[in-house]
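Worksheet: one structure, shown below.
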Amino acid sequence: MLAYAVYQLGAFLAQRFRLPTARRGAAVVGKLSCAFQRRNRRHLYRNLRVAFGDKLSWRELRSLRLRIYANFGVFVVDFLRFPEFTVENMDEWMHPESAERFRDFRRRAERGEPTIFFTAHIGNWELGAAAAAMLGCQMTVLADEHPSRHVTAFFDGRRESKGLAVVPVTSFHRCFRALKNGKLVAIVGDRAVTGHGIERPFLGAPATVPIGHALLARRLGATIIPSFFVMQDDGRYELLVEEPIVPRVTDDEEADVADCVDRCLRVAEKYIRRYPDQWYVFRPMWHAPWAPGTESAAESAPVPGKP
């Protein structure tokens with residue numbers, strides 16, 4: 001119940017200020033939370049070490065981690081302000097040309113083309129899905145469940161208020177029905193939240209990643225469209241869309257699925273490298289042999305030129 005009360009209070013406070021003020025405050029809170037979330041902080045550091053350790057020093061990794069916490073604070077505030085997000089004020093939240101891209105998605109569904117949107121934990125996938133639904137897309141989203149059923153209900157209520165149909169990851173089979181019924185399906189596919197998936201190369205190391213999007217697409221003849229809703233320098237989000245991915249179909253379904261997963265991951269890597277401070281992965285992505293103790297040693301090392 002404590003987590004639920006915190007989110008309720010956060011939603012109340014988030015809507016008491018103008019959006020720029022609320023975001024600035026959220027960024028500060030996000031940075032402060034980095035100091036208290038010891039486990040998540042370490043998981044994030046290790047993930048960044050795998051993804052960027054060959055390019056960034058430990059100080060740069062720590063700086064990147066702090067920016068991620070700040071940006072995630074903004075992510076949370078934008079989600080909590082969902083009731084204020086309307087078709088009439090969309091231009092304040094996102095670039096106008098993004099709306100036309102969402103309408104293209106709606107036209108795909110109207111033509112009866114089964115479509116899956118693949119994205120990653122980059123930018124604000126929650127706001128992107130809400131915008132799609134508000135612009136006429138019949139959108140089904142696959143969502144992880146919070147340990148608290150009250151928080152899960154709070155999250156799903158906000159999603160459903162924007163016209164989204166929510167499918168928990170434990171009921172993945174419902175995505176098949178949604179596609180067959182002409183709905184669009186959105187899946188965040190860069191981390192296996194249930195712990196189940198296949199091991200594929202991702203950002204330079206083998207990682208366990210989900211296969212649901214690839215399996216759905218191959219079995220139902222759907223097209224996968226990689227898309228990412230990321231914040232730009234002006235504080236508004238932009239929908240970035242990549243070329244559609246059509247899974248191959250041979251006698252070897254396992255190989256076909258792995259190939260499709262790989263193609264999606266290569267696109268995700270491109271955007272993670274482009275927007276590293278908007279990549280929110282606070283759970284282990286890899287089990288690298290160097291990980292235990294690395295961050296502790298790095299954080300306790302003296303910074304040159306400082307006491």
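In the structure tokens, each chain is lettered A, B, ... as it comes, each chain's residues begin at 1, and ligands are numbered from 1 in order of appearance.
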Discussion item. Using DSSP secondary structure from the backbone, list all alpha helix (DSSP H) positions within stretch 32-242 of chain A, as JSON, numbers by chain.
Written reply: {"A": [32, 33, 34, 35, 36, 38, 39, 40, 41, 42, 43, 44, 45, 46, 47, 48, 49, 50, 51, 52, 58, 59, 60, 61, 62, 63, 64, 65, 66, 67, 68, 69, 70, 71, 72, 73, 74, 75, 76, 77, 78, 79, 80, 90, 91, 92, 93, 96, 97, 98, 99, 100, 101, 102, 103, 104, 105, 106, 107, 108, 109, 110, 125, 126, 127, 128, 129, 130, 131, 132, 133, 134, 149, 150, 151, 152, 153, 154, 155, 156, 157, 158, 159, 160, 161, 173, 174, 175, 176, 177, 178, 179, 180, 212, 213, 214, 215, 216, 217, 218, 219, 220]}
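Backbone DSSP of stretch 117-214 of chain A yields strand (DSSP E) at Phe117, Phe118, Thr119, Met139, Thr140, Val141, Leu142, Ala143, Ala165, Val166, Val167, Pro168, Leu184, Val185, Ala186, Ile187, Val188, Ile198, Glu199, Arg200, Pro201, Phe202, Ala205, Pro206, Ala207, Thr208 and Val209 of chain A.
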Fill in: Close residues, stretch 150-164 of chain A itself excluded, 10 Å, only C-alpha atoms, min 2 positions apart in chain, as a VMD selection string
chain A and resid 1 to 8 79 to 83 85 to 86 126 to 127 129 to 141 143 to 148 166 to 168
Worksheet item: Which residues come within 9 Å of A:Gly189, counting only C-alpha atoms, excluding same-chain residues fewer than 3 positions away, as number ranges by chain?
Response: A: 118-121, 192, 209-213, 261, 264-265, 268
For the selection just defined, write its residues with C-alpha atoms to a file, as a compact mmCIF listing (two decimals), in the first residue's frame.
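File selection01.txt, as written:
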# COMPACT_ATOMS: atom_id res chain seq x y z
CA PHE A 118 8.41 -3.01 -31.35
CA THR A 119 10.05 -0.54 -29.01
CA ALA A 120 12.52 -0.55 -26.13
CA HIS A 121 12.76 1.02 -22.68
CA ALA A 192 12.76 -10.17 -20.74
CA VAL A 209 15.64 -11.15 -24.56
CA PRO A 210 11.92 -11.73 -25.22
CA ILE A 211 10.63 -13.39 -28.38
CA GLY A 212 6.90 -12.60 -28.18
CA HIS A 213 6.89 -9.95 -30.91
CA VAL A 261 14.65 -10.92 -32.79
CA CYS A 264 14.75 -5.87 -33.97
CA LEU A 265 17.65 -5.71 -31.52
CA ALA A 268 17.09 -0.97 -30.63
Discussion item. Need the shell around A:Pro114: protein/DNA/RNA residues with any atom at most 7 Å away, counting only C-alpha atoms. Skip same-chain ones fewer than 6 positions apart. Format as a PyMOL selection string?
Written reply: chain A and resi 179+182+184+222-223
Since we have the selection now, will you write its residues out, keeping C-alpha atoms, as a JSON list (two decimals), in the first residue's frame?
[["chain", "number", "residue", "atom", "x", "y", "z"],
["A", 179, "LEU", "CA", -4.09, -9.00, -33.73],
["A", 182, "GLY", "CA", -7.63, -6.03, -36.19],
["A", 184, "LEU", "CA", -2.46, -2.94, -33.23],
["A", 222, "ALA", "CA", 2.18, -9.54, -39.10],
["A", 223, "THR", "CA", 4.61, -6.74, -39.85]]
Worksheet entry | Which residue of A:Asn47, A:Asn89, A:Ser98, A:Thr115 approaches A:Trp286 most closely, using only C-alpha atoms |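 Going through A:Asn47, A:Asn89, A:Ser98, A:Thr115 one by one, the smallest distance to A:Trp286 is for A:Asn47.
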Discussion item. Quick one: residues within 12 Å of A:Gly53, only C-alpha atoms, excluding same-chain residues fewer than 3 positions away - as a ChimeraX atom specification?
Written reply: /A:45-50,56-62,64,203-205,290-291,294-295
Item to complete: Figure out the distance between atom CA of A:Leu66 and atom CA of A:Phe52, please, to one decimal in Å.
Response: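 According to the coordinates, atom CA of A:Phe52 and atom CA of A:Leu66 are separated by 14.9 Å.
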Worksheet item: Quick one: of A:Ile122, A:Val87, A:Met94, A:Val246, who's nearest to A:Pro276, counting only C-alpha atoms?
Response: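 Result for the nearest residue to A:Pro276: A:Ile122.
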Would you list the contacts of A:Glu254 as an mmCIF file with C-alpha atoms, in the first residue's frame, taking every protein, DNA or RNA residue within 12 Å and counting only C-alpha atoms, but skipping same-chain residues closer than 2 positions in sequence?
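Result written to out_15.cif:
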data_model
loop_
_atom_site.group_PDB
_atom_site.id
_atom_site.type_symbol
_atom_site.label_atom_id
_atom_site.label_comp_id
_atom_site.auth_asym_id
_atom_site.auth_seq_id
_atom_site.Cartn_x
_atom_site.Cartn_y
_atom_site.Cartn_z
ATOM 1 C CA GLY A 197 13.316 -15.670 -23.638
ATOM 2 C CA ILE A 198 16.295 -16.585 -25.769
ATOM 3 C CA ILE A 211 10.626 -13.386 -28.384
ATOM 4 C CA ALA A 214 8.798 -12.215 -33.312
ATOM 5 C CA LEU A 215 6.625 -15.238 -32.560
ATOM 6 C CA ARG A 218 5.759 -15.042 -37.809
ATOM 7 C CA ARG A 219 2.694 -17.062 -36.852
ATOM 8 C CA PRO A 247 9.856 -12.081 -40.389
ATOM 9 C CA ARG A 248 11.078 -14.826 -42.656
ATOM 10 C CA VAL A 249 9.108 -18.077 -42.747
ATOM 11 C CA THR A 250 10.965 -21.332 -43.346
ATOM 12 C CA ASP A 251 10.683 -24.867 -42.004
ATOM 13 C CA ASP A 252 12.754 -23.842 -38.977
ATOM 14 C CA ASP A 256 13.155 -17.656 -38.014
ATOM 15 C CA VAL A 257 12.222 -16.233 -34.617
ATOM 16 C CA ALA A 258 15.867 -15.754 -33.631
ATOM 17 C CA ASP A 259 16.555 -13.959 -36.909
ATOM 18 C CA CYS A 260 13.590 -11.626 -36.377
ATOM 19 C CA VAL A 261 14.646 -10.917 -32.793
#
Worksheet, complete the sentence: Judged by only C-alpha atoms, the minimum distance to A:Val267 among A:Arg191, A:Gln15, A:Glu242, A:Glu100 is found for A:Glu242
